[in-house]
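Shown next: coords-v3.txt, containing compact mmCIF, C-alpha atoms and all ligand atoms.
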```txt
# COMPACT_ATOMS: atom_id res chain seq x y z
CA MET A 1 -3.34 21.28 20.38
CA PRO A 2 -6.19 20.37 17.99
CA ALA A 3 -6.08 16.78 16.83
CA ASN A 4 -7.04 17.58 13.19
CA LEU A 5 -8.77 14.26 12.67
CA THR A 6 -9.62 13.42 9.08
CA PRO A 7 -13.02 12.48 7.59
CA GLN A 8 -11.63 8.95 7.20
CA TYR A 9 -10.98 8.84 10.94
CA HIS A 10 -14.52 9.95 11.72
CA ALA A 11 -15.96 7.38 9.29
CA ALA A 12 -13.97 4.62 11.01
CA GLU A 13 -15.10 5.90 14.41
CA LYS A 14 -18.72 5.75 13.25
CA ARG A 15 -18.20 2.15 12.17
CA TYR A 16 -16.62 1.41 15.55
CA ARG A 17 -19.67 2.75 17.36
CA GLU A 18 -22.05 0.82 15.12
CA ALA A 19 -20.08 -2.47 15.10
CA LYS A 20 -21.72 -5.41 16.82
CA GLU A 21 -18.94 -8.00 16.54
CA VAL A 22 -15.70 -7.69 18.47
CA ASP A 23 -13.55 -8.27 15.37
CA GLU A 24 -15.37 -5.51 13.49
CA LYS A 25 -14.78 -3.16 16.41
CA ILE A 26 -11.07 -4.00 16.40
CA ALA A 27 -10.81 -3.49 12.63
CA ALA A 28 -12.47 -0.06 12.94
CA LEU A 29 -10.21 0.95 15.84
CA GLN A 30 -7.17 -0.15 13.89
CA GLU A 31 -8.21 1.93 10.96
CA MET A 32 -8.64 4.93 13.26
CA LEU A 33 -5.12 4.31 14.52
CA ALA A 34 -3.72 4.01 11.01
CA VAL A 35 -5.25 7.22 9.68
CA MET A 36 -4.88 9.51 12.69
CA PRO A 37 -2.20 12.19 12.53
CA ARG A 38 0.62 11.54 15.00
CA HIS A 39 1.77 14.49 17.08
CA LYS A 40 1.83 15.59 20.72
CA GLY A 41 -1.86 16.52 20.61
CA THR A 42 -2.90 12.97 19.68
CA ASP A 43 -0.64 11.02 22.08
CA HIS A 44 -3.45 10.55 24.55
CA LEU A 45 -5.95 9.47 21.92
CA TYR A 46 -3.38 7.08 20.42
CA ALA A 47 -2.72 5.42 23.77
CA GLY A 48 -6.45 5.19 24.43
CA LEU A 49 -7.10 3.44 21.10
CA ARG A 50 -4.22 1.03 21.67
CA GLY A 51 -5.66 0.19 25.08
CA LYS A 52 -9.12 -0.44 23.66
CA ILE A 53 -7.70 -2.70 20.95
CA ALA A 54 -5.73 -4.68 23.52
CA ARG A 55 -8.80 -5.14 25.74
CA LEU A 56 -11.03 -6.14 22.82
CA GLY A 57 -8.28 -8.47 21.57
CA GLN A 58 -8.29 -10.29 24.90
CA GLU A 59 -12.06 -10.46 24.83
CA SER A 60 -12.00 -11.83 21.29
CA GLU A 61 -9.41 -14.42 22.29
CA ARG A 62 -11.46 -15.50 25.25
CA LYS A 63 -14.56 -15.76 23.06
CA GLN A 64 -12.96 -17.84 20.36
CA ALA A 65 -10.26 -19.70 22.24
CA GLY A 66 -7.68 -20.94 19.80
CA ALA A 67 -9.28 -19.14 16.87
CA ARG A 68 -7.42 -16.59 14.81
CA ARG A 69 -6.98 -13.14 16.33
CA ALA A 70 -8.98 -10.55 14.46
CA GLY A 71 -7.56 -7.38 13.02
CA PHE A 72 -4.02 -6.23 12.55
CA TYR A 73 -2.45 -2.85 12.23
CA ILE A 74 0.66 -2.76 10.05
CA ARG A 75 2.76 0.30 10.65
CA ARG A 76 3.54 1.97 7.32
CA GLU A 77 7.26 2.22 6.66
CA GLY A 78 9.38 3.41 3.77
CA ALA A 79 8.36 5.43 0.72
CA GLY A 80 5.06 3.64 0.15
CA GLN A 81 3.02 0.62 1.12
CA VAL A 82 1.79 -2.07 -1.27
CA VAL A 83 -0.62 -4.78 -0.09
CA LEU A 84 -0.45 -8.08 -1.98
CA VAL A 85 -3.89 -9.68 -2.23
CA GLY A 86 -5.51 -12.44 -4.25
CA PRO A 87 -6.91 -15.93 -4.26
CA ALA A 88 -5.22 -18.79 -2.39
CA ASN A 89 -2.02 -20.22 -3.87
CA SER A 90 -1.45 -17.40 -6.39
CA GLY A 91 2.07 -16.91 -5.04
CA LYS A 92 1.79 -13.88 -2.74
CA SER A 93 4.12 -15.26 -0.09
CA GLN A 94 6.64 -16.50 -2.64
CA LEU A 95 6.78 -13.00 -4.14
CA LEU A 96 7.32 -11.40 -0.72
CA ALA A 97 10.12 -13.91 -0.07
CA MET A 98 11.80 -13.08 -3.40
CA LEU A 99 11.60 -9.29 -3.13
CA THR A 100 12.22 -8.69 0.58
CA SER A 101 14.14 -10.26 3.44
CA ALA A 102 10.91 -11.42 5.08
CA ALA A 103 10.55 -15.18 5.39
CA PRO A 104 6.89 -16.11 4.92
CA GLU A 105 5.74 -19.71 4.71
CA VAL A 106 5.28 -20.82 1.08
CA ALA A 107 3.49 -24.07 0.34
CA MET A 108 1.84 -26.08 -2.43
CA TYR A 109 -1.46 -26.18 -0.59
CA PRO A 110 -3.85 -23.20 -0.26
CA TYR A 111 -4.51 -21.15 2.91
CA THR A 112 -0.88 -21.23 4.01
CA THR A 113 -0.75 -17.59 5.13
CA ARG A 114 -2.76 -16.83 8.26
CA THR A 115 -1.88 -13.24 9.04
CA LEU A 116 -0.40 -10.02 7.65
CA LEU A 117 3.35 -10.01 7.15
CA PRO A 118 5.31 -6.94 6.01
CA GLY A 119 8.69 -6.86 4.28
CA MET A 120 10.82 -4.06 2.83
CA MET A 121 11.70 -4.07 -0.89
CA LYS A 122 14.66 -2.05 -2.05
CA TYR A 123 14.22 0.19 -5.09
CA LYS A 124 17.10 2.52 -6.00
CA ASP A 125 17.77 4.55 -2.83
CA ILE A 126 14.39 3.95 -1.20
CA GLN A 127 12.46 1.11 0.40
CA ILE A 128 8.89 0.15 -0.44
CA GLN A 129 6.88 -1.85 2.07
CA LEU A 130 5.14 -4.97 0.77
CA VAL A 131 2.48 -6.66 2.90
CA ASP A 132 1.64 -10.35 2.42
CA THR A 133 -1.91 -11.35 3.32
CA PRO A 134 -3.99 -14.48 3.78
CA PRO A 135 -6.06 -15.45 0.72
CA LEU A 136 -9.35 -13.60 0.26
CA GLY A 137 -12.63 -15.48 0.33
CA HIS A 138 -13.55 -15.68 4.00
CA ARG A 139 -15.28 -13.03 6.02
CA SER A 140 -12.63 -13.25 8.75
CA VAL A 141 -9.93 -12.39 6.19
CA ARG A 142 -11.92 -9.44 4.86
CA VAL A 143 -12.26 -8.15 8.42
CA LEU A 144 -8.55 -8.70 9.03
CA LEU A 145 -7.63 -6.81 5.86
CA SER A 146 -10.10 -3.93 5.93
CA ALA A 147 -7.97 -1.44 7.87
CA VAL A 148 -4.86 -1.97 5.78
CA LEU A 149 -6.81 -1.94 2.50
CA HIS A 150 -8.47 1.35 3.42
CA THR A 151 -5.22 3.06 4.31
CA THR A 152 -2.66 1.58 1.91
CA ASP A 153 -1.08 3.39 -1.03
CA LEU A 154 -1.42 0.60 -3.60
CA ILE A 155 -3.17 -2.75 -3.85
CA ALA A 156 -1.37 -5.37 -5.96
CA ILE A 157 -3.71 -8.16 -7.05
CA LEU A 158 -1.81 -11.39 -7.57
CA VAL A 159 -3.31 -13.94 -9.96
CA ASP A 160 -2.06 -17.27 -11.27
CA LEU A 161 -1.47 -16.98 -15.03
CA SER A 162 -1.73 -20.74 -15.56
CA THR A 163 -5.45 -20.91 -14.73
CA ASP A 164 -7.95 -18.31 -16.00
CA PRO A 165 -6.49 -15.14 -14.45
CA VAL A 166 -9.45 -13.03 -15.67
CA SER A 167 -11.85 -14.95 -13.41
CA GLN A 168 -9.41 -14.63 -10.50
CA PHE A 169 -9.16 -10.90 -11.12
CA ASN A 170 -12.95 -10.44 -11.27
CA TRP A 171 -13.39 -12.54 -8.15
CA THR A 172 -10.74 -10.53 -6.28
CA LEU A 173 -12.40 -7.24 -7.28
CA GLY A 174 -15.65 -8.64 -5.84
CA GLN A 175 -13.91 -9.51 -2.58
CA LEU A 176 -12.35 -6.06 -2.39
CA GLU A 177 -15.73 -4.50 -3.05
CA GLU A 178 -17.05 -6.35 0.00
CA CYS A 179 -14.30 -4.53 1.91
CA ARG A 180 -15.67 -1.30 0.32
CA VAL A 181 -12.59 -0.89 -1.86
CA VAL A 182 -12.77 -0.21 -5.62
CA PRO A 183 -10.13 0.64 -8.24
CA VAL A 184 -9.60 4.38 -8.52
CA GLY A 185 -11.70 5.79 -11.38
CA THR A 186 -14.57 3.33 -10.89
CA GLU A 187 -16.05 4.88 -7.74
CA SER A 188 -19.45 5.63 -9.21
CA GLN A 189 -20.37 2.00 -9.92
CA GLY A 190 -22.57 -0.15 -7.70
CA ALA A 191 -24.59 0.70 -4.63
CA LEU A 192 -22.00 0.06 -1.94
CA ALA A 193 -22.18 0.98 1.71
CA THR A 194 -20.36 4.26 2.24
CA PRO A 195 -17.68 5.36 2.44
CA VAL A 196 -16.06 3.66 -0.51
CA TYR A 197 -12.28 3.73 -0.74
CA ALA A 198 -10.97 4.29 -4.27
CA LYS A 199 -7.50 2.78 -4.38
CA LYS A 200 -4.70 2.63 -6.90
CA MET A 201 -4.38 -0.95 -8.06
CA MET A 202 -2.08 -3.08 -10.13
CA VAL A 203 -2.32 -6.66 -11.33
CA ILE A 204 0.61 -9.04 -11.06
CA GLY A 205 0.19 -12.07 -13.27
CA ASN A 206 2.33 -14.68 -11.51
CA LYS A 207 3.62 -18.11 -12.60
CA SER A 208 4.51 -16.85 -16.09
CA ASP A 209 6.74 -19.92 -16.33
CA LEU A 210 3.82 -22.35 -16.51
CA PRO A 211 2.15 -23.63 -19.71
CA GLY A 212 -0.71 -21.47 -21.00
CA ALA A 213 0.50 -18.38 -19.17
CA HIS A 214 1.23 -16.42 -22.34
CA GLY A 215 -2.26 -16.75 -23.83
CA HIS A 216 -3.94 -16.05 -20.52
CA LEU A 217 -1.83 -12.94 -20.11
CA GLN A 218 -3.28 -11.46 -23.33
CA ALA A 219 -6.81 -11.96 -21.98
CA LEU A 220 -5.82 -10.39 -18.67
CA HIS A 221 -4.39 -7.34 -20.47
CA SER A 222 -7.68 -6.87 -22.34
CA ARG A 223 -9.73 -7.17 -19.16
CA CYS A 224 -7.60 -4.74 -17.16
CA ARG A 225 -7.17 -2.12 -19.88
CA SER A 226 -8.39 1.23 -18.52
CA VAL A 227 -8.65 -0.25 -14.98
CA CYS A 228 -5.07 -0.84 -13.90
CA PRO A 229 -1.65 -1.86 -15.22
CA VAL A 230 -0.64 -5.53 -15.55
CA VAL A 231 2.82 -7.04 -15.05
CA ALA A 232 3.77 -10.67 -15.68
CA VAL A 233 6.30 -12.36 -13.38
CA SER A 234 7.43 -15.71 -12.13
CA GLY A 235 7.98 -15.69 -8.41
CA THR A 236 9.91 -18.92 -8.51
CA GLU A 237 11.91 -18.54 -11.76
CA GLY A 238 12.55 -14.82 -11.34
CA GLU A 239 11.17 -13.74 -14.72
CA GLY A 240 9.92 -10.12 -14.58
CA LEU A 241 11.14 -9.57 -11.02
CA ASP A 242 13.85 -7.20 -12.25
CA VAL A 243 11.27 -4.72 -13.56
CA LEU A 244 8.58 -5.25 -10.93
CA PRO A 245 10.02 -2.87 -8.29
CA GLU A 246 10.06 -0.06 -10.87
CA ARG A 247 6.50 -0.82 -11.97
CA LEU A 248 5.33 -0.75 -8.35
CA TYR A 249 7.17 2.52 -7.83
CA ASP A 250 5.50 4.03 -10.93
CA ALA A 251 2.08 2.83 -9.77
CA LEU A 252 2.62 4.47 -6.38
CA ASN A 253 2.68 7.83 -8.19
CA ILE A 254 5.49 9.29 -6.12
CA ILE A 255 8.70 11.14 -6.89
CA ARG A 256 12.07 11.35 -5.16
CA VAL A 257 13.45 14.83 -4.56
CA TYR A 258 16.78 15.73 -2.96
CA THR A 259 17.48 18.75 -0.84
CA LYS A 260 20.68 20.68 -0.29
CA ALA A 261 21.82 23.51 1.94
CA PRO A 262 23.10 26.70 0.22
CA GLY A 263 26.80 26.44 -0.55
CA GLN A 264 26.94 22.70 0.08
CA ARG A 265 26.84 19.71 -2.20
CA ALA A 266 23.57 17.82 -2.46
CA GLU A 267 23.46 14.62 -0.44
CA MET A 268 22.03 12.29 -3.06
CA THR A 269 21.34 9.58 -0.50
CA GLU A 270 18.12 10.35 1.32
CA PRO A 271 15.40 11.58 -0.97
CA VAL A 272 12.23 13.26 0.22
CA ILE A 273 9.22 11.29 -1.06
CA LEU A 274 6.43 13.39 -2.55
CA GLN A 275 3.25 12.75 -4.49
CA LYS A 276 3.75 13.27 -8.23
CA ASP A 277 3.09 16.90 -9.27
CA SER A 278 4.01 18.28 -5.84
CA ASN A 279 5.45 21.78 -5.82
CA VAL A 280 8.31 23.44 -3.94
CA GLY A 281 5.97 24.61 -1.16
CA GLU A 282 4.72 21.07 -0.58
CA ALA A 283 8.29 19.78 -0.53
CA ALA A 284 9.12 22.33 2.17
CA THR A 285 6.07 21.30 4.21
CA ALA A 286 7.09 17.65 3.92
CA ILE A 287 10.40 18.44 5.59
CA HIS A 288 9.26 20.87 8.26
CA LYS A 289 6.48 23.39 8.61
CA ASP A 290 9.02 26.03 9.71
CA ILE A 291 10.85 25.66 6.40
CA ARG A 292 7.56 26.17 4.60
CA ARG A 293 6.71 29.19 6.76
CA GLY A 294 10.01 30.95 6.14
CA LEU A 295 10.24 30.04 2.46
CA LYS A 296 10.96 32.96 0.11
CA HIS A 297 12.10 31.09 -2.95
CA ALA A 298 14.05 27.99 -3.93
CA VAL A 299 16.77 27.07 -6.36
CA VAL A 300 16.17 23.96 -8.45
CA TRP A 301 18.45 21.71 -10.42
CA GLY A 302 16.69 19.37 -12.83
CA SER A 303 13.21 20.52 -13.77
CA GLY A 304 14.06 24.21 -14.14
CA LYS A 305 14.51 25.60 -17.65
CA TYR A 306 18.18 25.87 -16.78
CA GLN A 307 20.28 24.57 -13.90
CA ALA A 308 20.24 26.44 -10.58
CA GLN A 309 17.04 28.21 -11.59
CA THR A 310 15.37 30.37 -8.96
CA VAL A 311 11.73 29.34 -8.59
CA SER A 312 8.70 30.18 -6.46
CA LYS A 313 6.84 27.86 -4.09
CA ASN A 314 4.46 26.96 -6.93
CA HIS A 315 7.14 25.41 -9.12
CA VAL A 316 6.18 21.77 -9.82
CA LEU A 317 8.97 19.34 -9.05
CA GLN A 318 10.05 16.31 -11.08
CA GLU A 319 11.62 12.97 -10.22
CA GLY A 320 15.25 13.44 -9.16
CA ASP A 321 15.19 17.23 -8.74
CA VAL A 322 17.58 18.86 -6.28
CA VAL A 323 16.06 21.72 -4.27
CA GLU A 324 17.69 24.39 -2.14
CA PHE A 325 15.30 26.33 0.10
CA HIS A 326 15.91 30.05 0.79
CA ALA A 327 14.23 31.78 3.71
N1 LIG A 401 5.56 -22.57 -11.17
C1 LIG A 401 5.44 -21.57 -10.27
N2 LIG A 401 5.03 -21.84 -9.03
C2 LIG A 401 4.92 -20.81 -8.16
C3 LIG A 401 5.24 -19.48 -8.53
N3 LIG A 401 5.05 -18.68 -7.45
C4 LIG A 401 4.62 -19.47 -6.45
N4 LIG A 401 4.57 -20.76 -6.87
C5 LIG A 401 4.14 -21.94 -6.09
O1 LIG A 401 2.77 -21.81 -5.79
C6 LIG A 401 2.50 -22.33 -4.49
C7 LIG A 401 1.82 -21.29 -3.63
O2 LIG A 401 2.73 -20.24 -3.35
P1 LIG A 401 2.49 -19.28 -2.11
O3 LIG A 401 3.48 -18.18 -2.22
O4 LIG A 401 2.44 -20.05 -0.85
O5 LIG A 401 1.02 -18.75 -2.48
P2 LIG A 401 0.09 -17.78 -1.62
O6 LIG A 401 -0.64 -16.92 -2.57
O7 LIG A 401 0.90 -17.08 -0.58
O8 LIG A 401 -0.89 -18.84 -0.95
P3 LIG A 401 -1.83 -18.63 0.34
O9 LIG A 401 -0.98 -18.12 1.46
O10 LIG A 401 -2.41 -19.95 0.59
O11 LIG A 401 -2.86 -17.62 -0.09
C8 LIG A 401 3.84 -22.80 -3.94
O12 LIG A 401 3.98 -24.17 -4.18
C9 LIG A 401 4.85 -22.00 -4.75
O13 LIG A 401 6.09 -22.66 -4.86
C10 LIG A 401 5.68 -19.24 -9.87
O14 LIG A 401 5.97 -18.11 -10.30
N5 LIG A 401 5.75 -20.34 -10.70
MG MG A 402 0.72 -17.08 1.41
```
The structure in this file should be written as structure tokens.
Ligand SMILES: Nc1nc2c(ncn2[C@@H]2O[C@H](COP(=O)(O)OP(=O)(O)OP(=O)(O)O)[C@@H](O)[C@H]2O)c(=O)[nH]1
Ligand SMILES: [Mg+2]
Amino acid sequence: MPANLTPQYHAAEKRYREAKEVDEKIAALQEMLAVMPRHKGTDHLYAGLRGKIARLGQESERKQAGARRAGFYIRREGAGQVVLVGPANSGKSQLLAMLTSAAPEVAMYPYTTRTLLPGMMKYKDIQIQLVDTPPLGHRSVRVLLSAVLHTTDLIAILVDLSTDPVSQFNWTLGQLEECRVVPVGTESQGALATPVYAKKMMVIGNKSDLPGAHGHLQALHSRCRSVCPVVAVSGTEGEGLDVLPERLYDALNIIRVYTKAPGQRAEMTEPVILQKDSNVGEAATAIHKDIRRGLKHAVVWGSGKYQAQTVSKNHVLQEGDVVEFHA
């Protein structure tokens, strides 16, 4: 079976071959792992990469006894993955604690978080994975984060609204650029090492409860206009946390679609997650390639001109549509 490895995989492999430091090698291998398709044909490759990472991990531990382990591969779960990044003390861990059942350490002093920690956030009938990270600024953290930044669906930049959030935002963009990550739509700027990963981003202005936050928020809005959306929250007081899951969902650019078997009621419990503007054919592929192969037409409730409209595989689906596939 062909492995169908993506250009992103080959780019990571090239970086692996060229890496001189053990932690860079591990980060590249972890990225290869994260972006490789998983099926029977790649089982062997998968196991091989895991083995290499384990061996290099031991080597790295021996080399820097007691020092932080480099690299981390977070398995994507749920409808989408959002990585929370930003300067120290901006409230990343507090936000993860408020929105998920994960229990990160939160503290008044900076550099509390030492590694990547995922948690699942509920939104309607789906779960979105949030990943807490150590504060940016050090090379070791950039190495630790590279794989997850390159493969994630959305990067949420957390800034502290009580102290010049525009500078924190600019600084964070600079740090991300060092990881070869730029906001989508700004790819052409700068002379970065290739490849550059253009990622959807969002800014979360945290600590909206503190003095000065309101004025700073206006400045942040002006700075981020045409780059990415901004949401203001308070991770400790709860302000804005009711709308945040929806804003993250919108920024992920996905839709929920439900399927039903002919003659049966739609189970409105387990939606299929698709990229916005996906069509019926893509929905079929997302479920099973055999469904796509046998597909003659579909019946759609929701986005059709009328209910139970018969549509072709090219019909573009909308949030909440119910689809019945006919072979
Ligand atoms: N007033 C206020 N304090 C907050 C808010 N969110 C977090 N804090 C406080 O800010 C401090 C840092 O919070 P953390 O969640 O540990 O920040 P972090 O970004 O994870 O910090 P590092 O792991 O060091 O990068 C803690 O004392 C929190 O209680 C907020 O919305 N308002
Ligand atoms: Mg933290």
Region 224-234 of chain A surroundings by all atoms listed in the file, 9 Å radius, close-in-sequence under 2 positions cut, as number ranges by chain: A: 91, 95, 161, 166, 169, 183-186, 200-210, 217, 219-222, 236-241, 243-244, 247, 251
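Between atom P1 of ligand LIG 401 (chain A) and CA of Ala79 (chain A) lies a distance of 25.6 Å.
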Interatomic distance between atom P2 of ligand LIG 401 (chain A) and CA of Ile157 (chain A)? 11.7 Å
Which residues are near ligand MG 402 (chain A) - at most 6 Å, using all atoms listed in the file? Format: as a PDB file with C-alpha atoms, keeping the file's coordinate frame.
```pdb
ATOM      1  CA  LYS A  92       1.790 -13.880  -2.740  1.00  0.00           C
ATOM      2  CA  SER A  93       4.120 -15.260  -0.090  1.00  0.00           C
ATOM      3  CA  VAL A 106       5.280 -20.820   1.080  1.00  0.00           C
ATOM      4  CA  THR A 112      -0.880 -21.230   4.010  1.00  0.00           C
ATOM      5  CA  THR A 113      -0.750 -17.590   5.130  1.00  0.00           C
ATOM      6  CA  PRO A 134      -3.990 -14.480   3.780  1.00  0.00           C
TER       7      PRO A 134
END
```
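For the pair CA of His326 (chain A) and CA of Leu295 (chain A), the interatomic distance is 5.9 Å.
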Might you pull out every residue within 8 Å of Val182 (chain A), with only C-alpha atoms counted and same-chain residues fewer than 5 positions away left off, and present them as a count of residues only? 8
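Considering only C-alpha atoms, the residue among A:Leu56, A:Leu158, A:Leu49, A:Ala284 positioned nearest to Met36 (chain A) is A:Leu49.
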Hey, which of A:Arg114, A:Arg293, A:Arg76, A:Lys14 ends up closest to Val148 (chain A)? Count all atoms listed in the file. A:Arg76
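The shortest atom-to-atom distance to ligand LIG 401 (chain A), with only C-alpha atoms and all ligand atoms taken into account, belongs to A:His138 out of A:Lys40, A:His288, A:Arg265, A:His138.
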From A:Ala286, A:Val141, A:Val82, A:Leu45, residue lying nearest ligand LIG 401 (chain A) [all atoms listed in the file]: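 For ligand LIG 401 (chain A), the nearest of the given residues is A:Val141.
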For region 25-35 of chain A, work out the shell of residues within 9 Å, counting all atoms listed in the file and skipping chain neighbours fewer than 3 positions away, then give it as a compact mmCIF listing (two decimals) with C-alpha atoms, in the coordinates of the input.
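Printed below is selection_19.txt as written:
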```
# COMPACT_ATOMS: atom_id res chain seq x y z
CA LEU A 5 -8.77 14.26 12.67
CA THR A 6 -9.62 13.42 9.08
CA GLN A 8 -11.63 8.95 7.20
CA TYR A 9 -10.98 8.84 10.94
CA HIS A 10 -14.52 9.95 11.72
CA ALA A 11 -15.96 7.38 9.29
CA ALA A 12 -13.97 4.62 11.01
CA GLU A 13 -15.10 5.90 14.41
CA LYS A 14 -18.72 5.75 13.25
CA ARG A 15 -18.20 2.15 12.17
CA TYR A 16 -16.62 1.41 15.55
CA ARG A 17 -19.67 2.75 17.36
CA GLU A 18 -22.05 0.82 15.12
CA ALA A 19 -20.08 -2.47 15.10
CA LYS A 20 -21.72 -5.41 16.82
CA GLU A 21 -18.94 -8.00 16.54
CA VAL A 22 -15.70 -7.69 18.47
CA TYR A 46 -3.38 7.08 20.42
CA LEU A 49 -7.10 3.44 21.10
CA ARG A 50 -4.22 1.03 21.67
CA LYS A 52 -9.12 -0.44 23.66
CA ILE A 53 -7.70 -2.70 20.95
CA ALA A 54 -5.73 -4.68 23.52
CA LEU A 56 -11.03 -6.14 22.82
CA GLY A 57 -8.28 -8.47 21.57
CA ALA A 70 -8.98 -10.55 14.46
CA GLY A 71 -7.56 -7.38 13.02
CA PHE A 72 -4.02 -6.23 12.55
CA TYR A 73 -2.45 -2.85 12.23
CA ILE A 74 0.66 -2.76 10.05
CA ARG A 75 2.76 0.30 10.65
CA ARG A 76 3.54 1.97 7.32
CA VAL A 143 -12.26 -8.15 8.42
CA LEU A 144 -8.55 -8.70 9.03
CA LEU A 145 -7.63 -6.81 5.86
CA SER A 146 -10.10 -3.93 5.93
CA ALA A 147 -7.97 -1.44 7.87
CA VAL A 148 -4.86 -1.97 5.78
CA HIS A 150 -8.47 1.35 3.42
CA THR A 151 -5.22 3.06 4.31
```
Residue nearest Ala103 (chain A) among A:Val323, A:Met120, A:Cys179, A:Ile287 (counting all atoms listed in the file):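 Counting all atoms listed in the file, the residue closest to Ala103 (chain A) is A:Met120.
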List every protein, DNA or RNA residue that has at least one atom no more than 7 Å from (16.1, 26.1, 2.8) in the file's coordinates, counting all atoms listed in the file, and write the result as a PyMOL selection string. chain A and resi 261+291+324-327
When you look at Ala298 (chain A) with a cut-off of 12 Å (counting all atoms listed in the file), what residues show up, excluding the ones that are within fewer than 6 positions of it in the same chain? I need them as a PDB file with C-alpha atoms, keeping the file's coordinate frame.
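The resulting file, around.pdb, is shown below:
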```
ATOM      1  CA  THR A 259      17.480  18.750  -0.840  1.00  0.00           C
ATOM      2  CA  LYS A 260      20.680  20.680  -0.290  1.00  0.00           C
ATOM      3  CA  ALA A 261      21.820  23.510   1.940  1.00  0.00           C
ATOM      4  CA  PRO A 262      23.100  26.700   0.220  1.00  0.00           C
ATOM      5  CA  ASN A 279       5.450  21.780  -5.820  1.00  0.00           C
ATOM      6  CA  VAL A 280       8.310  23.440  -3.940  1.00  0.00           C
ATOM      7  CA  GLY A 281       5.970  24.610  -1.160  1.00  0.00           C
ATOM      8  CA  ALA A 283       8.290  19.780  -0.530  1.00  0.00           C
ATOM      9  CA  ALA A 284       9.120  22.330   2.170  1.00  0.00           C
ATOM     10  CA  ILE A 291      10.850  25.660   6.400  1.00  0.00           C
ATOM     11  CA  ARG A 292       7.560  26.170   4.600  1.00  0.00           C
ATOM     12  CA  GLY A 304      14.060  24.210 -14.140  1.00  0.00           C
ATOM     13  CA  ALA A 308      20.240  26.440 -10.580  1.00  0.00           C
ATOM     14  CA  GLN A 309      17.040  28.210 -11.590  1.00  0.00           C
ATOM     15  CA  THR A 310      15.370  30.370  -8.960  1.00  0.00           C
ATOM     16  CA  VAL A 311      11.730  29.340  -8.590  1.00  0.00           C
ATOM     17  CA  SER A 312       8.700  30.180  -6.460  1.00  0.00           C
ATOM     18  CA  LYS A 313       6.840  27.860  -4.090  1.00  0.00           C
ATOM     19  CA  ASN A 314       4.460  26.960  -6.930  1.00  0.00           C
ATOM     20  CA  HIS A 315       7.140  25.410  -9.120  1.00  0.00           C
ATOM     21  CA  VAL A 316       6.180  21.770  -9.820  1.00  0.00           C
ATOM     22  CA  LEU A 317       8.970  19.340  -9.050  1.00  0.00           C
ATOM     23  CA  ASP A 321      15.190  17.230  -8.740  1.00  0.00           C
ATOM     24  CA  VAL A 322      17.580  18.860  -6.280  1.00  0.00           C
ATOM     25  CA  VAL A 323      16.060  21.720  -4.270  1.00  0.00           C
ATOM     26  CA  GLU A 324      17.690  24.390  -2.140  1.00  0.00           C
ATOM     27  CA  PHE A 325      15.300  26.330   0.100  1.00  0.00           C
ATOM     28  CA  HIS A 326      15.910  30.050   0.790  1.00  0.00           C
ATOM     29  CA  ALA A 327      14.230  31.780   3.710  1.00  0.00           C
TER      30      ALA A 327
END
```
From the options A:Gly119, A:Pro211, A:Pro110, A:Pro104, which residue's atoms come nearest to ligand LIG 401 (chain A), counting only C-alpha atoms and all ligand atoms?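 Comparing A:Gly119, A:Pro211, A:Pro110, A:Pro104 against ligand LIG 401 (chain A), the winner is A:Pro110.
Those residues that approach Tyr249 (chain A) to within 12 Å, counting only C-alpha atoms, are Gly78, Ala79, Gly80, Gln81, Val82, Met121, Lys122, Tyr123, Lys124, Asp125, Ile126, Gln127, Ile128, Gln129, Leu130, Asp153, Leu154, Ala156, Lys200, Met202, Val243, Ile255, Arg256, Ile273, Gln275, Lys276 and Glu319 of chain A; same-chain residues fewer than 6 positions away are not listed.
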Those residues you just picked out, can you put them in a file as an mmCIF file, in the frame of the given file with C-alpha atoms?
```
data_model
loop_
_atom_site.group_PDB
_atom_site.id
_atom_site.type_symbol
_atom_site.label_atom_id
_atom_site.label_comp_id
_atom_site.auth_asym_id
_atom_site.auth_seq_id
_atom_site.Cartn_x
_atom_site.Cartn_y
_atom_site.Cartn_z
ATOM 1 C CA GLY A 78 9.380 3.410 3.770
ATOM 2 C CA ALA A 79 8.360 5.430 0.720
ATOM 3 C CA GLY A 80 5.060 3.640 0.150
ATOM 4 C CA GLN A 81 3.020 0.620 1.120
ATOM 5 C CA VAL A 82 1.790 -2.070 -1.270
ATOM 6 C CA MET A 121 11.700 -4.070 -0.890
ATOM 7 C CA LYS A 122 14.660 -2.050 -2.050
ATOM 8 C CA TYR A 123 14.220 0.190 -5.090
ATOM 9 C CA LYS A 124 17.100 2.520 -6.000
ATOM 10 C CA ASP A 125 17.770 4.550 -2.830
ATOM 11 C CA ILE A 126 14.390 3.950 -1.200
ATOM 12 C CA GLN A 127 12.460 1.110 0.400
ATOM 13 C CA ILE A 128 8.890 0.150 -0.440
ATOM 14 C CA GLN A 129 6.880 -1.850 2.070
ATOM 15 C CA LEU A 130 5.140 -4.970 0.770
ATOM 16 C CA ASP A 153 -1.080 3.390 -1.030
ATOM 17 C CA LEU A 154 -1.420 0.600 -3.600
ATOM 18 C CA ALA A 156 -1.370 -5.370 -5.960
ATOM 19 C CA LYS A 200 -4.700 2.630 -6.900
ATOM 20 C CA MET A 202 -2.080 -3.080 -10.130
ATOM 21 C CA VAL A 243 11.270 -4.720 -13.560
ATOM 22 C CA ILE A 255 8.700 11.140 -6.890
ATOM 23 C CA ARG A 256 12.070 11.350 -5.160
ATOM 24 C CA ILE A 273 9.220 11.290 -1.060
ATOM 25 C CA GLN A 275 3.250 12.750 -4.490
ATOM 26 C CA LYS A 276 3.750 13.270 -8.230
ATOM 27 C CA GLU A 319 11.620 12.970 -10.220
#
```
